[in-house]
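Heads up: the structure comes next, in structure tokens.
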Amino acid sequence: MFNNSLSMLVLALACLVQFGVSHMHLEWPPTLKGENNPHTQGEPSPYLNYPYGCCGQSITEPCKGFLNLVETDEGRPVTTWAAGQKVNFTISGSSTTKVEGGTHYGGSCQAGFSTNGGKDFKVAASWNGNCPHRHGTVDPSTQTFDFTVPADLPNGERTIFAWTWLNREQEFNMGCAVVTTVSGSNETQTPDPGDEDGSGEEGEDDGEDEGDEDDEDEEDEEDDESSADPPPADFAQYTLEGCTCSCPYQTWSQACTCYDCASPSTKRHLVERKALQLHKRHLQNAEKLKAPARRTEVVAWNDRPNMLLSIDFPGALCQSKGDPYEVEFPNPGPDVFEGDGEYKLSTPTC
């Protein structure tokens, strides 16, 4: 065990020497082999923060070579998304090697899905610049990216969600999570009005004490009955203290709901208060953090372009121009988020 840990540390330090600083990884939904993925078995991957080609790795396959886990217990879905639902992903600089990551002050990203086990990945949305958020940090609460699940995305118990990132140092990173996708028939679902009236006031009261243990136990019992319910559409999602939390997307007058907590002893109603405060901060910063979206004509799922996956690593088909340019995706799909203009954009050569 000691030798294994020492080897991991040596490889991590080698990456720091080669690349100067570690990078970012997909935090939500929890990526395959991520330390926050409840289905990860054995040691989580120590390389999730690092770009392709780091530390002597020769893996060039999508999802960092973890596609073989999709149909195993480690590939069980981590959340459910509905076609047409507005959702988000978050990226983080934390690391399984305990080495702090870095945002590289932006870059360009894509989000997409594979419905055929990773044979191809089609674009859901593209960010031309300012991804990660330039004025955010390695904390995932400052690195949330909103997008809409394609309205005609096929149903799938184990659909693969993919996030990619290209920075100005001509480095490529990719993370994948397994999600369940369902039809959008519930996309107008709203919380029970009774819940809106009662729980919203509690979530707004930052100074409220935690209450007595009897109240906490009663609330925990109520939470347990609905802990496995998927989030309704038009709700934002966060991972907080081992729980998955959903919050009303366009307002913070209601309480968040947390479910699927890692520990059965977690006081969900206390985590919900913290999730609501995190959601408030996200909404308050949304206007200055999010870039305007450029929408073109509606494109059928089967006609969407493939994600740009072979770029900026040894043996890749394409290469970006690099600093001082950020990548402008040549086939970005119908949903494009334009950057803040701090850096000029350039399309890769292939």
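Letters A, B, ... mark the chains of the structure tokens in the order given; residue numbers begin at 1 per chain; ligand numbers begin at 1, in order shown.
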
(request) Write out as a PyMOL selection string each polymer residue whose atoms come within 12 Å of Cys131 of chain A, counting only C-alpha atoms; drop sequence neighbours fewer than 6 positions from it. (result) chain A and resi 24+89-92+103-111+137-138+142-146+163-168+289-291+326-328+337-340+343

(request) Find the spatial neighbours of segment 74-80 of chain A, counting only C-alpha atoms, within a cut-off of 10 Å - ignore same-chain residues fewer than 5 positions away - and output them as an MDAnalysis selection string. (result) chainID A and resid 28:33 37:41 66:69 156:160 177:182 229:233 237 244 260

File dump, residues just selected, N, CA and C atoms, as a JSON list (two decimals), in the first residue's frame:
```json
[["chain", "number", "residue", "atom", "x", "y", "z"],
["A", 28, "TRP", "N", -19.72, 17.42, -11.32],
["A", 28, "TRP", "CA", -21.13, 17.03, -11.41],
["A", 28, "TRP", "C", -21.54, 17.00, -12.87],
["A", 29, "PRO", "N", -22.19, 15.93, -13.33],
["A", 29, "PRO", "CA", -22.43, 14.69, -12.60],
["A", 29, "PRO", "C", -21.11, 13.98, -12.30],
["A", 30, "PRO", "N", -21.07, 13.17, -11.23],
["A", 30, "PRO", "CA", -19.80, 12.52, -10.85],
["A", 30, "PRO", "C", -19.25, 11.66, -11.98],
["A", 31, "THR", "N", -17.99, 11.91, -12.31],
["A", 31, "THR", "CA", -17.37, 11.23, -13.43],
["A", 31, "THR", "C", -17.01, 9.78, -13.10],
["A", 32, "LEU", "N", -16.87, 8.96, -14.12],
["A", 32, "LEU", "CA", -16.40, 7.59, -13.94],
["A", 32, "LEU", "C", -15.04, 7.61, -13.24],
["A", 33, "LYS", "N", -14.88, 6.77, -12.22],
["A", 33, "LYS", "CA", -13.68, 6.65, -11.40],
["A", 33, "LYS", "C", -13.40, 7.90, -10.58],
["A", 37, "ASN", "N", -17.96, 9.79, -6.95],
["A", 37, "ASN", "CA", -18.93, 8.90, -7.59],
["A", 37, "ASN", "C", -19.23, 7.75, -6.63],
["A", 38, "PRO", "N", -20.48, 7.60, -6.19],
["A", 38, "PRO", "CA", -20.79, 6.56, -5.20],
["A", 38, "PRO", "C", -20.57, 5.15, -5.72],
["A", 39, "HIS", "N", -20.42, 4.98, -7.04],
["A", 39, "HIS", "CA", -20.26, 3.64, -7.61],
["A", 39, "HIS", "C", -18.80, 3.27, -7.87],
["A", 40, "THR", "N", -17.87, 4.20, -7.61],
["A", 40, "THR", "CA", -16.46, 3.90, -7.82],
["A", 40, "THR", "C", -16.01, 2.79, -6.89],
["A", 41, "GLN", "N", -15.33, 1.79, -7.43],
["A", 41, "GLN", "CA", -14.80, 0.69, -6.65],
["A", 41, "GLN", "C", -13.28, 0.77, -6.63],
["A", 66, "PHE", "N", -12.21, 4.77, -19.74],
["A", 66, "PHE", "CA", -13.11, 4.16, -18.76],
["A", 66, "PHE", "C", -14.43, 3.68, -19.37],
["A", 67, "LEU", "N", -14.54, 3.68, -20.70],
["A", 67, "LEU", "CA", -15.78, 3.24, -21.32],
["A", 67, "LEU", "C", -16.11, 1.78, -20.99],
["A", 68, "ASN", "N", -15.09, 1.00, -20.68],
["A", 68, "ASN", "CA", -15.33, -0.41, -20.34],
["A", 68, "ASN", "C", -16.07, -0.57, -19.02],
["A", 69, "LEU", "N", -16.21, 0.52, -18.25],
["A", 69, "LEU", "CA", -16.91, 0.44, -16.97],
["A", 69, "LEU", "C", -18.41, 0.72, -17.10],
["A", 156, "GLY", "N", -32.48, 6.38, -22.37],
["A", 156, "GLY", "CA", -31.40, 5.42, -22.15],
["A", 156, "GLY", "C", -31.11, 5.26, -20.68],
["A", 157, "GLU", "N", -30.99, 4.01, -20.24],
["A", 157, "GLU", "CA", -30.69, 3.77, -18.83],
["A", 157, "GLU", "C", -29.25, 4.16, -18.50],
["A", 158, "ARG", "N", -28.35, 3.98, -19.48],
["A", 158, "ARG", "CA", -26.94, 4.31, -19.26],
["A", 158, "ARG", "C", -26.42, 5.15, -20.43],
["A", 159, "THR", "N", -26.95, 6.34, -20.53],
["A", 159, "THR", "CA", -26.45, 7.31, -21.51],
["A", 159, "THR", "C", -25.17, 7.92, -20.95],
["A", 160, "ILE", "N", -24.19, 8.17, -21.82],
["A", 160, "ILE", "CA", -22.92, 8.72, -21.37],
["A", 160, "ILE", "C", -22.90, 10.23, -21.62],
["A", 177, "ALA", "N", -19.66, 10.90, -17.42],
["A", 177, "ALA", "CA", -20.55, 10.41, -16.36],
["A", 177, "ALA", "C", -21.69, 9.63, -17.00],
["A", 178, "VAL", "N", -22.18, 8.64, -16.30],
["A", 178, "VAL", "CA", -23.29, 7.83, -16.79],
["A", 178, "VAL", "C", -24.59, 8.36, -16.17],
["A", 179, "VAL", "N", -25.54, 8.70, -17.02],
["A", 179, "VAL", "CA", -26.82, 9.23, -16.57],
["A", 179, "VAL", "C", -27.95, 8.44, -17.23],
["A", 180, "THR", "N", -29.11, 8.49, -16.61],
["A", 180, "THR", "CA", -30.31, 7.95, -17.23],
["A", 180, "THR", "C", -31.04, 9.08, -17.93],
["A", 181, "THR", "N", -31.40, 8.90, -19.18],
["A", 181, "THR", "CA", -32.15, 9.92, -19.91],
["A", 181, "THR", "C", -33.55, 9.40, -20.19],
["A", 182, "VAL", "N", -34.53, 10.29, -19.97],
["A", 182, "VAL", "CA", -35.93, 9.93, -20.16],
["A", 182, "VAL", "C", -36.60, 10.96, -21.06],
["A", 229, "ASP", "N", -36.27, 9.97, -5.24],
["A", 229, "ASP", "CA", -37.00, 10.63, -6.31],
["A", 229, "ASP", "C", -36.05, 11.43, -7.19],
["A", 230, "PRO", "N", -36.16, 11.35, -8.50],
["A", 230, "PRO", "CA", -35.31, 12.15, -9.39],
["A", 230, "PRO", "C", -35.74, 13.61, -9.34],
["A", 231, "PRO", "N", -34.85, 14.53, -9.68],
["A", 231, "PRO", "CA", -35.20, 15.94, -9.63],
["A", 231, "PRO", "C", -36.19, 16.29, -10.72],
["A", 232, "PRO", "N", -37.15, 17.18, -10.44],
["A", 232, "PRO", "CA", -38.04, 17.62, -11.50],
["A", 232, "PRO", "C", -37.29, 18.46, -12.52],
["A", 233, "ALA", "N", -37.87, 18.59, -13.70],
["A", 233, "ALA", "CA", -37.25, 19.41, -14.73],
["A", 233, "ALA", "C", -37.23, 20.87, -14.31],
["A", 237, "GLN", "N", -29.01, 21.40, -10.21],
["A", 237, "GLN", "CA", -28.53, 20.32, -9.35],
["A", 237, "GLN", "C", -27.15, 20.65, -8.80],
["A", 244, "THR", "N", -27.09, 14.67, -3.36],
["A", 244, "THR", "CA", -27.47, 15.33, -4.59],
["A", 244, "THR", "C", -28.65, 16.24, -4.26],
["A", 260, "ASP", "N", -30.54, 11.01, -2.18],
["A", 260, "ASP", "CA", -29.42, 10.11, -2.50],
["A", 260, "ASP", "C", -28.17, 10.48, -1.72]]
```

(request) Give me, please, the distance in Å between atom CA of Lys274 of chain A and atom CA of Cys258 of chain A, quoted to one decimal. (result)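 We find that atom CA of Lys274 of chain A and atom CA of Cys258 of chain A lie 10.3 Å from each other.
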
(request) Could you give me, as a VMD selection string, the residues within 10 Å of Val298 of chain A, counting only C-alpha atoms and dropping anything in the same chain fewer than 3 positions from it? (result) chain A and resid 150 to 151 295 301 304 333 to 335

How about saving the chosen residues, N, CA, C and O atoms kept, as a PDB file, in the first residue's frame?
```
ATOM      1  N   PRO A 150     -30.782  18.004 -25.204  1.00  0.00           N
ATOM      2  CA  PRO A 150     -31.500  18.005 -26.488  1.00  0.00           C
ATOM      3  C   PRO A 150     -32.900  17.417 -26.361  1.00  0.00           C
ATOM      4  O   PRO A 150     -33.092  16.379 -25.721  1.00  0.00           O
ATOM      5  N   ALA A 151     -33.861  18.093 -26.960  1.00  0.00           N
ATOM      6  CA  ALA A 151     -35.267  17.744 -26.765  1.00  0.00           C
ATOM      7  C   ALA A 151     -35.625  16.362 -27.290  1.00  0.00           C
ATOM      8  O   ALA A 151     -36.578  15.740 -26.803  1.00  0.00           O
ATOM      9  N   ARG A 295     -28.370  30.682 -30.366  1.00  0.00           N
ATOM     10  CA  ARG A 295     -29.116  29.525 -30.823  1.00  0.00           C
ATOM     11  C   ARG A 295     -29.393  29.655 -32.319  1.00  0.00           C
ATOM     12  O   ARG A 295     -29.824  30.692 -32.793  1.00  0.00           O
ATOM     13  N   TRP A 301     -31.420  15.215 -33.201  1.00  0.00           N
ATOM     14  CA  TRP A 301     -30.327  14.565 -32.496  1.00  0.00           C
ATOM     15  C   TRP A 301     -29.383  13.844 -33.463  1.00  0.00           C
ATOM     16  O   TRP A 301     -28.173  13.995 -33.388  1.00  0.00           O
ATOM     17  N   ARG A 304     -26.913  16.123 -35.297  1.00  0.00           N
ATOM     18  CA  ARG A 304     -25.971  16.973 -34.564  1.00  0.00           C
ATOM     19  C   ARG A 304     -24.535  16.543 -34.868  1.00  0.00           C
ATOM     20  O   ARG A 304     -24.259  15.371 -35.102  1.00  0.00           O
ATOM     21  N   GLY A 333     -22.443  22.811 -33.015  1.00  0.00           N
ATOM     22  CA  GLY A 333     -23.819  22.426 -32.730  1.00  0.00           C
ATOM     23  C   GLY A 333     -24.716  23.650 -32.636  1.00  0.00           C
ATOM     24  O   GLY A 333     -24.271  24.791 -32.783  1.00  0.00           O
ATOM     25  N   PRO A 334     -25.998  23.433 -32.365  1.00  0.00           N
ATOM     26  CA  PRO A 334     -26.959  24.549 -32.385  1.00  0.00           C
ATOM     27  C   PRO A 334     -26.918  25.450 -31.162  1.00  0.00           C
ATOM     28  O   PRO A 334     -27.367  26.586 -31.225  1.00  0.00           O
ATOM     29  N   ASP A 335     -26.387  24.972 -30.042  1.00  0.00           N
ATOM     30  CA  ASP A 335     -26.363  25.767 -28.809  1.00  0.00           C
ATOM     31  C   ASP A 335     -24.933  26.181 -28.510  1.00  0.00           C
ATOM     32  O   ASP A 335     -24.103  25.351 -28.125  1.00  0.00           O
TER      33      ASP A 335
END
```

(request) May I ask which of the residues A:Gly34, A:Cys243, A:Cys54, A:Lys321 is the closest one to Ser265 of chain A, counting only C-alpha atoms? (result)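 So, comparing all the options, the nearest one is A:Cys243.
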
(message) What's around segment 171-175 of chain A at 8 Å? Count only C-alpha atoms, leave out sequence neighbours fewer than 6 positions away in its own chain, and write the answer as a list in words.
(response) His25, Leu26, Thr31, Leu32, Leu48, Asn49, Tyr50, Pro51, Tyr52, Pro62, Cys63, Lys64, Ala162, Trp163, Thr164, Trp165, Ile311, Asp312 and Phe313 of chain A

(message) Among segment 12-128 of chain A, which ones does DSSP assign to alpha helix (DSSP H) (computed from the backbone)? Answer as number ranges by chain.
(response) A: 12-19

(request) Would you work out the distance separating atom CA of Pro154 of chain A from atom CA of Lys122 of chain A, expressed in Å to one decimal? (result)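 Going from atom CA of Pro154 of chain A over to atom CA of Lys122 of chain A covers 12.1 Å.
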
(message) To one decimal place in Å, what is the distance between atom CA of Asn155 of chain A and atom CA of Ala255 of chain A?
(response)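 Atom CA of Ala255 of chain A lies 29.3 Å from atom CA of Asn155 of chain A.
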
List as a Markdown table every residue of segment 303-323 of chain A that is in contact with segment 113-121 of chain A, defined as an atom at most 12 Å from one of its atoms (using only C-alpha atoms), together with the nearest atom pair and the distance in Å rounded to one decimal, sorted by chain and then rising number.
```
| residue | atom | partner | partner_atom | distance |
| --- | --- | --- | --- | --- |
| A:Asp303 | CA | A:Phe121 | CA | 11.9 |
| A:Arg304 | CA | A:Phe121 | CA | 9.5 |
| A:Pro305 | CA | A:Phe121 | CA | 8.5 |
| A:Asn306 | CA | A:Phe121 | CA | 5.5 |
| A:Met307 | CA | A:Phe121 | CA | 5.7 |
| A:Leu308 | CA | A:Phe121 | CA | 8.8 |
| A:Leu309 | CA | A:Phe121 | CA | 8.8 |
| A:Ser310 | CA | A:Phe121 | CA | 12.0 |
```

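In this comparison, which uses only C-alpha atoms, the residue of A:Ser126, A:Asn36, A:Ser141, A:Gln57 approaching Lys280 of chain A most closely is A:Ser141.
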